[in-house]
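Asker: Sharing input21.pdb, PDB, C-alpha atoms and all ligand atoms:
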```pdb
ATOM      1  CA  MET S  19       0.000   0.000   0.000
ATOM      2  CA  THR S  20       1.235   3.493  -0.732
ATOM      3  CA  LEU S  21       1.205   6.128   1.990
ATOM      4  CA  GLN S  22      -1.738   7.827   0.270
ATOM      5  CA  GLU S  23      -3.692   4.536   0.148
ATOM      6  CA  THR S  24      -2.987   3.855   3.845
ATOM      7  CA  ILE S  25      -4.266   7.310   4.760
ATOM      8  CA  THR S  26      -7.404   7.016   2.629
ATOM      9  CA  ALA S  27      -8.198   3.541   3.987
ATOM     10  CA  SER S  28      -7.634   4.606   7.608
ATOM     11  CA  ALA S  29      -9.889   7.644   7.205
ATOM     12  CA  GLU S  30     -12.538   5.435   5.620
ATOM     13  CA  TYR S  31     -12.283   3.006   8.550
ATOM     14  CA  LEU S  32     -12.833   5.843  11.026
ATOM     15  CA  ARG S  33     -15.753   7.248   9.025
ATOM     16  CA  THR S  34     -17.506   3.879   9.109
ATOM     17  CA  HIS S  35     -16.747   3.209  12.802
ATOM     18  CA  VAL S  36     -17.611   6.540  14.403
ATOM     19  CA  THR S  37     -20.476   8.902  13.719
ATOM     20  CA  ASN S  38     -18.461  11.877  15.013
ATOM     21  CA  ARG S  39     -17.411  14.401  12.389
ATOM     22  CA  PRO S  40     -14.935  16.675  14.190
ATOM     23  CA  THR S  41     -13.513  19.772  12.530
ATOM     24  CA  VAL S  42     -10.888  20.372  15.222
ATOM     25  CA  ALA S  43      -8.195  18.035  16.560
ATOM     26  CA  LEU S  44      -5.918  18.273  19.592
ATOM     27  CA  VAL S  45      -2.466  16.821  20.141
ATOM     28  CA  LEU S  46      -1.601  16.802  23.817
ATOM     29  CA  GLY S  47       1.956  17.115  25.094
ATOM     30  CA  SER S  48       3.875  15.750  28.084
ATOM     31  CA  GLY S  49       1.865  15.946  31.281
ATOM     32  CA  LEU S  50      -1.013  17.600  29.403
ATOM     33  CA  GLY S  51      -2.674  14.461  28.039
ATOM     34  CA  ASP S  52      -5.641  14.143  30.336
ATOM     35  CA  PHE S  53      -7.678  16.705  28.397
ATOM     36  CA  ALA S  54      -8.687  13.688  26.289
ATOM     37  CA  ASP S  55     -10.338  12.243  29.423
ATOM     38  CA  THR S  56     -12.593  15.285  29.701
ATOM     39  CA  LEU S  57     -14.313  14.756  26.340
ATOM     40  CA  GLU S  58     -18.060  14.088  26.546
ATOM     41  CA  ASN S  59     -19.269  10.743  25.143
ATOM     42  CA  PRO S  60     -15.759   9.635  24.232
ATOM     43  CA  VAL S  61     -15.214   7.043  21.528
ATOM     44  CA  ARG S  62     -11.685   5.650  21.548
ATOM     45  CA  ILE S  63     -10.250   3.986  18.450
ATOM     46  CA  PRO S  64      -6.774   2.531  19.098
ATOM     47  CA  TYR S  65      -4.388   2.737  16.146
ATOM     48  CA  LYS S  66      -3.946  -1.029  16.397
ATOM     49  CA  ASP S  67      -7.627  -1.560  15.476
ATOM     50  CA  ILE S  68      -7.193   0.230  12.155
ATOM     51  CA  PRO S  69      -6.326  -2.143   9.326
ATOM     52  CA  ASN S  70      -3.120  -1.238   7.519
ATOM     53  CA  PHE S  71      -2.123   1.397  10.055
ATOM     54  CA  PRO S  72       1.642   0.817  10.327
ATOM     55  CA  GLN S  73       1.245  -1.627  13.209
ATOM     56  CA  THR S  74       4.832  -2.580  13.773
ATOM     57  CA  THR S  75       5.961   0.962  14.294
ATOM     58  CA  VAL S  76       2.922   2.633  15.780
ATOM     59  CA  ALA S  77       0.831   0.050  17.582
ATOM     60  CA  GLY S  78       3.009  -0.640  20.606
ATOM     61  CA  HIS S  79       2.569   2.870  21.841
ATOM     62  CA  ASN S  80      -1.070   2.726  22.799
ATOM     63  CA  GLY S  81      -1.844   5.500  20.385
ATOM     64  CA  ALA S  82      -5.503   6.240  19.767
ATOM     65  CA  PHE S  83      -7.973   8.656  18.258
ATOM     66  CA  VAL S  84     -10.399   9.821  20.957
ATOM     67  CA  PHE S  85     -13.556  11.394  19.539
ATOM     68  CA  GLY S  86     -15.984  13.367  21.661
ATOM     69  CA  ARG S  87     -17.530  16.745  22.403
ATOM     70  CA  ARG S  88     -16.035  19.658  24.332
ATOM     71  CA  CYS S  89     -17.181  23.265  24.661
ATOM     72  CA  GLY S  90     -20.087  22.495  22.322
ATOM     73  CA  ARG S  91     -17.773  21.294  19.558
ATOM     74  CA  GLU S  92     -17.031  17.939  17.989
ATOM     75  CA  VAL S  93     -13.351  17.313  18.659
ATOM     76  CA  VAL S  94     -10.834  14.510  18.336
ATOM     77  CA  ALA S  95      -7.754  14.131  20.502
ATOM     78  CA  LEU S  96      -4.671  12.170  19.496
ATOM     79  CA  GLN S  97      -3.561  10.144  22.486
ATOM     80  CA  GLY S  98      -0.018   8.842  22.818
ATOM     81  CA  ARG S  99       1.977  11.262  20.706
ATOM     82  CA  LEU S 100       4.883   9.808  18.746
ATOM     83  CA  HIS S 101       8.239  11.566  18.930
ATOM     84  CA  TYR S 102      11.106  11.708  16.468
ATOM     85  CA  TYR S 103      13.550  10.797  19.266
ATOM     86  CA  GLU S 104      11.740   7.474  19.715
ATOM     87  CA  GLY S 105      13.010   6.471  16.294
ATOM     88  CA  TYR S 106       9.895   7.070  14.181
ATOM     89  CA  SER S 107      10.407   8.815  10.891
ATOM     90  CA  GLN S 108       8.727  12.217  10.747
ATOM     91  CA  GLN S 109       6.534  10.839   7.950
ATOM     92  CA  THR S 110       5.313   8.014  10.211
ATOM     93  CA  LEU S 111       4.767  10.078  13.319
ATOM     94  CA  THR S 112       2.576  12.544  11.414
ATOM     95  CA  LEU S 113       0.382   9.874   9.819
ATOM     96  CA  PRO S 114      -2.491  10.403  12.302
ATOM     97  CA  VAL S 115      -2.610  14.108  11.337
ATOM     98  CA  ARG S 116      -2.997  13.207   7.664
ATOM     99  CA  VAL S 117      -5.710  10.676   8.486
ATOM    100  CA  LEU S 118      -7.609  13.396  10.323
ATOM    101  CA  ALA S 119      -7.200  15.756   7.379
ATOM    102  CA  ALA S 120      -8.616  13.059   5.099
ATOM    103  CA  MET S 121     -11.535  12.769   7.549
ATOM    104  CA  GLY S 122     -12.321  16.455   7.223
ATOM    105  CA  VAL S 123     -10.551  18.004  10.229
ATOM    106  CA  LYS S 124      -9.720  21.641   9.436
ATOM    107  CA  GLN S 125      -8.015  22.899  12.586
ATOM    108  CA  LEU S 126      -5.220  21.391  14.657
ATOM    109  CA  VAL S 127      -4.300  22.471  18.182
ATOM    110  CA  LEU S 128      -0.793  21.292  19.093
ATOM    111  CA  THR S 129       0.467  21.435  22.660
ATOM    112  CA  ASN S 130       3.818  20.639  24.182
ATOM    113  CA  ALA S 131       6.100  21.059  27.156
ATOM    114  CA  ALA S 132       9.066  23.268  26.313
ATOM    115  CA  GLY S 133      12.090  24.917  27.832
ATOM    116  CA  GLY S 134      12.071  28.703  28.156
ATOM    117  CA  VAL S 135      14.787  30.498  26.184
ATOM    118  CA  ASN S 136      13.392  34.015  26.453
ATOM    119  CA  THR S 137      14.637  35.249  29.834
ATOM    120  CA  SER S 138      11.457  37.254  30.432
ATOM    121  CA  PHE S 139       9.574  33.929  30.692
ATOM    122  CA  SER S 140       9.194  32.050  33.924
ATOM    123  CA  GLN S 141       8.624  28.424  34.741
ATOM    124  CA  GLY S 142       4.966  27.530  34.314
ATOM    125  CA  CYS S 143       4.042  30.241  31.833
ATOM    126  CA  LEU S 144       2.087  29.423  28.673
ATOM    127  CA  MET S 145       3.292  30.510  25.242
ATOM    128  CA  LEU S 146       1.251  30.756  22.075
ATOM    129  CA  ILE S 147       3.512  29.651  19.214
ATOM    130  CA  SER S 148       3.805  32.423  16.609
ATOM    131  CA  ASP S 149       6.274  30.590  14.373
ATOM    132  CA  HIS S 150       8.864  27.838  14.513
ATOM    133  CA  ILE S 151      12.445  27.018  13.604
ATOM    134  CA  ASN S 152      12.864  23.473  12.333
ATOM    135  CA  TYR S 153      16.243  22.487  13.753
ATOM    136  CA  SER S 154      15.460  18.756  13.702
ATOM    137  CA  GLY S 155      17.469  18.213  10.523
ATOM    138  CA  GLN S 156      14.494  16.368   9.067
ATOM    139  CA  ASN S 157      11.181  17.150   7.424
ATOM    140  CA  PRO S 158       8.003  15.039   7.288
ATOM    141  CA  LEU S 159       7.251  16.309   3.758
ATOM    142  CA  ILE S 160      10.408  14.759   2.278
ATOM    143  CA  GLY S 161       9.520  11.988  -0.164
ATOM    144  CA  PRO S 162       7.050  11.840  -3.035
ATOM    145  CA  ASN S 163       4.579  14.698  -2.618
ATOM    146  CA  LEU S 164       1.025  13.699  -1.708
ATOM    147  CA  ASP S 165      -0.646  15.902  -4.310
ATOM    148  CA  ALA S 166      -4.116  15.121  -2.925
ATOM    149  CA  PHE S 167      -3.128  16.979   0.258
ATOM    150  CA  GLY S 168      -1.064  19.895  -0.913
ATOM    151  CA  PRO S 169       1.702  21.296  -3.098
ATOM    152  CA  ARG S 170       5.312  20.167  -3.381
ATOM    153  CA  PHE S 171       6.584  23.500  -2.068
ATOM    154  CA  PRO S 172       4.084  24.673   0.519
ATOM    155  CA  ASP S 173       4.075  28.253   1.767
ATOM    156  CA  VAL S 174       4.431  28.324   5.568
ATOM    157  CA  SER S 175       4.567  32.060   6.148
ATOM    158  CA  ASP S 176       1.324  31.945   8.169
ATOM    159  CA  LEU S 177       1.569  28.410   9.556
ATOM    160  CA  TYR S 178       0.395  29.307  13.080
ATOM    161  CA  THR S 179      -2.541  31.257  11.715
ATOM    162  CA  ALA S 180      -2.319  34.909  12.754
ATOM    163  CA  GLU S 181      -6.081  35.323  12.540
ATOM    164  CA  LEU S 182      -6.602  32.598  15.153
ATOM    165  CA  ARG S 183      -3.792  33.905  17.363
ATOM    166  CA  THR S 184      -5.430  37.317  17.471
ATOM    167  CA  LYS S 185      -8.699  35.754  18.610
ATOM    168  CA  ILE S 186      -6.986  33.525  21.162
ATOM    169  CA  LYS S 187      -4.955  36.376  22.690
ATOM    170  CA  ALA S 188      -8.082  38.508  23.079
ATOM    171  CA  ALA S 189     -10.069  35.660  24.616
ATOM    172  CA  ALA S 190      -7.246  34.665  26.984
ATOM    173  CA  ALA S 191      -6.910  38.272  28.159
ATOM    174  CA  ALA S 192     -10.659  38.499  28.719
ATOM    175  CA  ALA S 193     -10.572  35.248  30.710
ATOM    176  CA  GLY S 194      -7.603  36.481  32.780
ATOM    177  CA  ILE S 195      -5.255  33.772  31.491
ATOM    178  CA  PRO S 196      -1.689  35.102  31.139
ATOM    179  CA  LEU S 197      -0.348  34.144  27.721
ATOM    180  CA  GLU S 198       3.070  34.807  26.206
ATOM    181  CA  GLU S 199       3.756  34.515  22.507
ATOM    182  CA  GLY S 200       6.914  33.393  20.744
ATOM    183  CA  VAL S 201       8.968  31.230  18.429
ATOM    184  CA  TYR S 202       9.382  27.505  19.120
ATOM    185  CA  MET S 203      12.584  25.798  18.028
ATOM    186  CA  MET S 204      12.657  22.031  17.606
ATOM    187  CA  PHE S 205      15.690  20.018  18.613
ATOM    188  CA  THR S 206      15.558  16.243  18.162
ATOM    189  CA  GLY S 207      16.288  15.356  21.784
ATOM    190  CA  PRO S 208      16.200  13.052  23.634
ATOM    191  CA  ASN S 209      18.871  14.903  25.592
ATOM    192  CA  TYR S 210      17.989  18.370  26.765
ATOM    193  CA  GLU S 211      19.931  21.054  24.918
ATOM    194  CA  THR S 212      23.393  22.145  25.991
ATOM    195  CA  PRO S 213      23.706  25.676  27.418
ATOM    196  CA  ALA S 214      25.590  26.617  24.219
ATOM    197  CA  GLU S 215      22.704  25.357  22.095
ATOM    198  CA  VAL S 216      20.278  27.369  24.179
ATOM    199  CA  ARG S 217      22.391  30.517  23.672
ATOM    200  CA  MET S 218      22.380  29.791  19.936
ATOM    201  CA  ALA S 219      18.610  29.315  20.012
ATOM    202  CA  ARG S 220      18.220  32.739  21.619
ATOM    203  CA  ILE S 221      20.528  34.387  19.073
ATOM    204  CA  VAL S 222      18.615  32.927  16.121
ATOM    205  CA  GLY S 223      15.303  34.150  17.507
ATOM    206  CA  ALA S 224      13.807  31.303  19.513
ATOM    207  CA  ASP S 225      11.785  31.896  22.675
ATOM    208  CA  ALA S 226      11.343  28.237  23.582
ATOM    209  CA  VAL S 227      12.949  24.887  22.733
ATOM    210  CA  GLY S 228      11.340  21.472  22.541
ATOM    211  CA  MET S 229      11.341  18.060  20.890
ATOM    212  CA  SER S 230       8.002  17.857  19.061
ATOM    213  CA  THR S 231       5.237  19.841  17.313
ATOM    214  CA  VAL S 232       7.152  21.005  14.221
ATOM    215  CA  PRO S 233       6.547  17.812  12.170
ATOM    216  CA  GLU S 234       2.816  17.814  12.923
ATOM    217  CA  ALA S 235       2.537  21.535  12.181
ATOM    218  CA  LEU S 236       4.270  21.136   8.802
ATOM    219  CA  VAL S 237       2.053  18.234   7.748
ATOM    220  CA  ALA S 238      -1.086  20.045   8.882
ATOM    221  CA  GLY S 239      -0.026  23.186   7.038
ATOM    222  CA  HIS S 240       0.659  21.160   3.905
ATOM    223  CA  CYS S 241      -2.911  19.787   4.053
ATOM    224  CA  GLY S 242      -4.298  23.311   4.406
ATOM    225  CA  MET S 243      -5.319  22.968   8.054
ATOM    226  CA  GLN S 244      -5.194  25.934  10.389
ATOM    227  CA  VAL S 245      -2.645  25.324  13.148
ATOM    228  CA  VAL S 246      -2.554  26.597  16.722
ATOM    229  CA  GLY S 247       0.402  25.798  18.985
ATOM    230  CA  VAL S 248       0.705  26.202  22.736
ATOM    231  CA  SER S 249       3.830  25.529  24.779
ATOM    232  CA  CYS S 250       3.812  25.044  28.497
ATOM    233  CA  ILE S 251       7.171  26.402  29.662
ATOM    234  CA  THR S 252       7.842  23.664  32.182
ATOM    235  CA  ASN S 253      11.408  24.795  32.901
ATOM    236  CA  MET S 254      13.862  27.434  31.856
ATOM    237  CA  ALA S 255      16.125  25.881  29.211
ATOM    238  CA  ALA S 256      19.601  24.571  30.069
ATOM    239  CA  GLY S 257      22.036  27.152  31.386
ATOM    240  CA  VAL S 258      19.442  29.901  31.898
ATOM    241  CA  LEU S 259      19.232  29.176  35.618
ATOM    242  CA  PRO S 260      21.639  27.291  37.874
ATOM    243  CA  GLY S 261      20.881  23.605  38.400
ATOM    244  CA  LYS S 262      20.224  20.544  36.293
ATOM    245  CA  LEU S 263      17.212  19.701  34.162
ATOM    246  CA  ASP S 264      15.110  16.729  35.050
ATOM    247  CA  HIS S 265      12.042  15.172  33.435
ATOM    248  CA  SER S 266      10.320  15.052  36.829
ATOM    249  CA  GLU S 267      10.517  18.879  36.920
ATOM    250  CA  VAL S 268       8.790  18.998  33.526
ATOM    251  CA  VAL S 269       5.979  16.770  34.743
ATOM    252  CA  GLU S 270       5.652  18.623  38.075
ATOM    253  CA  THR S 271       5.305  21.999  36.356
ATOM    254  CA  ALA S 272       2.808  20.635  33.825
ATOM    255  CA  ASN S 273       0.761  19.320  36.761
ATOM    256  CA  ARG S 274       1.000  22.623  38.627
ATOM    257  CA  VAL S 275      -0.370  24.678  35.727
ATOM    258  CA  HIS S 276      -2.856  21.997  34.755
ATOM    259  CA  ALA S 277      -6.000  23.990  35.592
ATOM    260  CA  THR S 278      -4.847  27.121  33.749
ATOM    261  CA  PHE S 279      -3.818  25.032  30.782
ATOM    262  CA  GLN S 280      -7.229  23.345  30.618
ATOM    263  CA  SER S 281      -8.923  26.767  30.775
ATOM    264  CA  LEU S 282      -6.751  27.988  27.917
ATOM    265  CA  LEU S 283      -7.653  24.959  25.797
ATOM    266  CA  GLU S 284     -11.350  25.543  26.512
ATOM    267  CA  THR S 285     -10.940  29.198  25.578
ATOM    268  CA  ILE S 286      -9.213  28.203  22.359
ATOM    269  CA  LEU S 287     -11.929  25.728  21.409
ATOM    270  CA  GLN S 288     -14.535  28.423  21.977
ATOM    271  CA  VAL S 289     -12.970  31.076  19.751
ATOM    272  CA  ILE S 290     -11.269  29.289  16.863
TER     273      ILE S 290
HETATM  274  N1  LIG Y 301      14.145  21.299  26.165
HETATM  275  C1  LIG Y 301      13.533  20.515  25.258
HETATM  276  N2  LIG Y 301      12.349  19.974  25.463
HETATM  277  C2  LIG Y 301      11.741  20.227  26.629
HETATM  278  C3  LIG Y 301      12.317  21.036  27.606
HETATM  279  C4  LIG Y 301      13.592  21.600  27.357
HETATM  280  O1  LIG Y 301      14.176  22.336  28.181
HETATM  281  N3  LIG Y 301      11.424  21.079  28.646
HETATM  282  C5  LIG Y 301      10.369  20.332  28.284
HETATM  283  N4  LIG Y 301      10.544  19.818  27.069
END
```
Starting from the coordinates I provided, produce the structure as structure tokens.
Ligand code: HPA

Answerer:
Amino acid sequence: MTLQETITASAEYLRTHVTNRPTVALVLGSGLGDFADTLENPVRIPYKDIPNFPQTTVAGHNGAFVFGRRCGREVVALQGRLHYYEGYSQQTLTLPVRVLAAMGVKQLVLTNAAGGVNTSFSQGCLMLISDHINYSGQNPLIGPNLDAFGPRFPDVSDLYTAELRTKIKAAAAAAGIPLEEGVYMMFTGPNYETPAEVRMARIVGADAVGMSTVPEALVAGHCGMQVVGVSCITNMAAGVLPGKLDHSEVVETANRVHATFQSLLETILQVI
């Protein structure tokens, strides 16, 4: 099966197995995943149930599409995000996004945990992604172009749709949710960046660094979806503050800002 055939067949499988017809999808980052548990009337379709979904690579990771309603909207959450550092190709890890596009999803909300590079940020703040720097050395659009989705050379000058960001910033301010805005730079991980890399990131214009989001955003943009990105600054990036970085700190901060983060996601779903 070609990639295009796999996508079409998977979308067809979902269309015949769920009655939900979401127009917005959510990808939930580290420590932020339980938003999927708050969907009303959830219908969970594990990737492993979908014929021809690349089982060997994807199935082990308990990935699933979770359909449901939230804030009066039909939504679908992708549970169990795949990361480049786990060894998946960027083409494989973005397959669920393309399946959703083939199903008719028009908007994608991407969330992640990230390290703060901008020294005016503090641990626990939330950042709306205005743009990204792809420093992963890879690109999910490499390979034969899927003409049914989009052009060979897609324009990405408004990838994180400015029109939606304007609405989100106004709504967050009205709801009293502090929200920063900035550029997200993707490193492959799995190690956290070196202090020198973080200084470089700042010089080239990054406000936050992380290990995800860019592949999904590129694929969504290629398919003509509108993309929204939100980073939870779980820690200041390496070398900004004294002390070592630790994954438990990332999870602790994500847990601490959990309620604010959920409110922001609700606000986003209401205005986009
Ligand atoms: N760097 C990269 N990814 C991250 C970080 C970081 O400092 N914090 C959470 N995810």

Asker: Given the file shown, enumerate the residues that the PyMOL selection byres (((not hetatm)) within 6 of (chain Y and resi 301)) captures and present them as a ChimeraX atom specification.

Answerer: /S:131-133,210-211,227-229,252-253,255,268

Asker: Of the residues S:Ala95, S:Val275, S:Ala235, S:Leu32, which is the one nearest to Asp67 of chain S, using only C-alpha atoms?

Answerer: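 When distances to Asp67 of chain S are compared using only C-alpha atoms, the smallest one comes from S:Leu32.
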
Asker: Suppose a student applies the PyMOL selection byres (((chain S and resi 189) around 12) and not hetatm) to this structure; what residues should they get, written as a list of chain:residue names?

Answerer: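 Evaluating the PyMOL selection byres (((chain S and resi 189) around 12) and not hetatm) on this file yields S:Leu182, S:Arg183, S:Thr184, S:Lys185, S:Ile186, S:Lys187, S:Ala188, S:Ala190, S:Ala191, S:Ala192, S:Ala193, S:Gly194, S:Ile195, S:Pro196, S:Leu197, S:Ser281, S:Leu282, S:Leu283, S:Glu284, S:Thr285, S:Ile286, S:Leu287, S:Gln288, S:Val289, S:Ile290.
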
Asker: Box time for segment 113-130 of chain S: axis-aligned, enclosing all its listed atoms, 3 Å extra on each side; report centre and edge lengths in Å to one decimal, as JSON.

Answerer:
```
{"center_x": -4.3, "center_y": 16.4, "center_z": 14.6, "size_x": 22.1, "size_y": 19.0, "size_z": 25.1}
```

Asker: Give me, please, the distance in Å between atom CA of Gln244 of chain S and atom CA of Thr179 of chain S, quoted to one decimal.

Answerer: 6.1 Å

Asker: Using the chain letters and numbering of this document, enumerate as an MDAnalysis selection string the residues selected by the PyMOL selection byres (((chain S and resi 107) around 12) and not hetatm).

Answerer: chainID S and resid 72 75:76 100:106 108:113 154:161 206 233:234

Asker: So, counting only C-alpha atoms, which residue among S:Val216, S:Leu50, S:Ala277, S:Leu44 is closest to Val123 of chain S?

Answerer: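 Smallest distance to Val123 of chain S is found for S:Leu44.
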
Asker: Which residue out of S:Val127, S:Val246, S:Leu57, S:Cys241 has the minimum interatomic distance to Pro172 of chain S when all atoms listed in the file are used?

Answerer: S:Cys241

Asker: Please measure the separation of atom CA of Val115 of chain S and atom CA of Gly247 of chain S, giving the value in Å to one decimal.

Answerer: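 Answer for the atom CA of Val115 of chain S to atom CA of Gly247 of chain S separation: 14.3 Å.
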
Asker: With 7 Å as the threshold, what does the neighbourhood of (8.3, 28.5, 35.9) contain in terms of residues, counting all atoms listed in the file? Coordinates are those of the file; answer as a PyMOL selection string.

Answerer: chain S and resi 140-143+251-254

Asker: Please complete segment 100-109 of chain S so it has all heavy atoms, and hand it over as a short mmCIF file (atom, residue, chain, number, x, y, z; two decimals), in the coordinates of the input.

Answerer:
```
data_model
loop_
_atom_site.label_atom_id
_atom_site.label_comp_id
_atom_site.auth_asym_id
_atom_site.auth_seq_id
_atom_site.Cartn_x
_atom_site.Cartn_y
_atom_site.Cartn_z
N LEU S 100 3.62 10.44 19.15
CA LEU S 100 4.88 9.81 18.75
C LEU S 100 5.93 10.90 18.58
O LEU S 100 5.63 11.99 18.11
CB LEU S 100 4.69 9.07 17.42
CG LEU S 100 3.52 8.09 17.37
CD1 LEU S 100 3.37 7.51 15.97
CD2 LEU S 100 3.69 6.98 18.39
N HIS S 101 7.15 10.58 19.01
CA HIS S 101 8.24 11.57 18.93
C HIS S 101 9.34 11.08 18.00
O HIS S 101 9.62 9.89 17.91
CB HIS S 101 8.84 11.82 20.32
CG HIS S 101 7.89 12.46 21.28
ND1 HIS S 101 7.07 11.73 22.09
CD2 HIS S 101 7.63 13.76 21.54
CE1 HIS S 101 6.34 12.56 22.83
NE2 HIS S 101 6.65 13.79 22.51
N TYR S 102 9.98 12.03 17.37
CA TYR S 102 11.11 11.71 16.47
C TYR S 102 12.21 10.98 17.23
O TYR S 102 12.81 10.04 16.74
CB TYR S 102 11.60 13.02 15.84
CG TYR S 102 12.66 12.85 14.79
CD1 TYR S 102 12.49 11.96 13.73
CD2 TYR S 102 13.83 13.61 14.83
CE1 TYR S 102 13.47 11.83 12.75
CE2 TYR S 102 14.81 13.48 13.87
CZ TYR S 102 14.62 12.58 12.82
OH TYR S 102 15.58 12.44 11.87
N TYR S 103 12.45 11.41 18.50
CA TYR S 103 13.55 10.80 19.27
C TYR S 103 13.27 9.34 19.61
O TYR S 103 14.18 8.62 20.03
CB TYR S 103 13.88 11.60 20.54
CG TYR S 103 12.76 11.75 21.53
CD1 TYR S 103 12.32 10.68 22.31
CD2 TYR S 103 12.13 12.98 21.72
CE1 TYR S 103 11.29 10.81 23.22
CE2 TYR S 103 11.11 13.13 22.63
CZ TYR S 103 10.69 12.04 23.37
OH TYR S 103 9.67 12.19 24.26
N GLU S 104 12.04 8.89 19.46
CA GLU S 104 11.74 7.47 19.72
C GLU S 104 12.18 6.59 18.55
O GLU S 104 12.14 5.36 18.65
CB GLU S 104 10.25 7.28 19.95
CG GLU S 104 9.77 7.95 21.23
CD GLU S 104 8.26 7.91 21.37
OE1 GLU S 104 7.57 8.79 20.79
OE2 GLU S 104 7.75 7.00 22.04
N GLY S 105 12.53 7.24 17.44
CA GLY S 105 13.01 6.47 16.29
C GLY S 105 12.02 6.40 15.14
O GLY S 105 12.30 5.77 14.13
N TYR S 106 10.85 7.02 15.29
CA TYR S 106 9.90 7.07 14.18
C TYR S 106 10.38 8.08 13.15
O TYR S 106 10.93 9.12 13.52
CB TYR S 106 8.51 7.52 14.67
CG TYR S 106 7.92 6.60 15.70
CD1 TYR S 106 7.88 6.95 17.03
CD2 TYR S 106 7.41 5.36 15.31
CE1 TYR S 106 7.36 6.09 17.99
CE2 TYR S 106 6.89 4.49 16.27
CZ TYR S 106 6.87 4.86 17.59
OH TYR S 106 6.36 4.00 18.52
N SER S 107 10.12 7.79 11.88
CA SER S 107 10.41 8.82 10.89
C SER S 107 9.36 9.92 11.07
O SER S 107 8.27 9.69 11.60
CB SER S 107 10.32 8.24 9.48
OG SER S 107 8.96 8.01 9.14
N GLN S 108 9.70 11.11 10.61
CA GLN S 108 8.73 12.22 10.75
C GLN S 108 7.49 11.94 9.88
O GLN S 108 6.40 12.37 10.21
CB GLN S 108 9.39 13.55 10.42
CG GLN S 108 10.44 13.91 11.48
CD GLN S 108 10.87 15.35 11.48
OE1 GLN S 108 10.34 16.18 10.75
NE2 GLN S 108 11.84 15.66 12.31
N GLN S 109 7.69 11.20 8.79
CA GLN S 109 6.53 10.84 7.95
C GLN S 109 5.59 9.91 8.72
O GLN S 109 4.38 10.08 8.68
CB GLN S 109 7.04 10.15 6.68
CG GLN S 109 5.98 10.03 5.61
CD GLN S 109 6.56 9.33 4.38
OE1 GLN S 109 6.86 8.14 4.40
NE2 GLN S 109 6.72 10.09 3.32
#
```
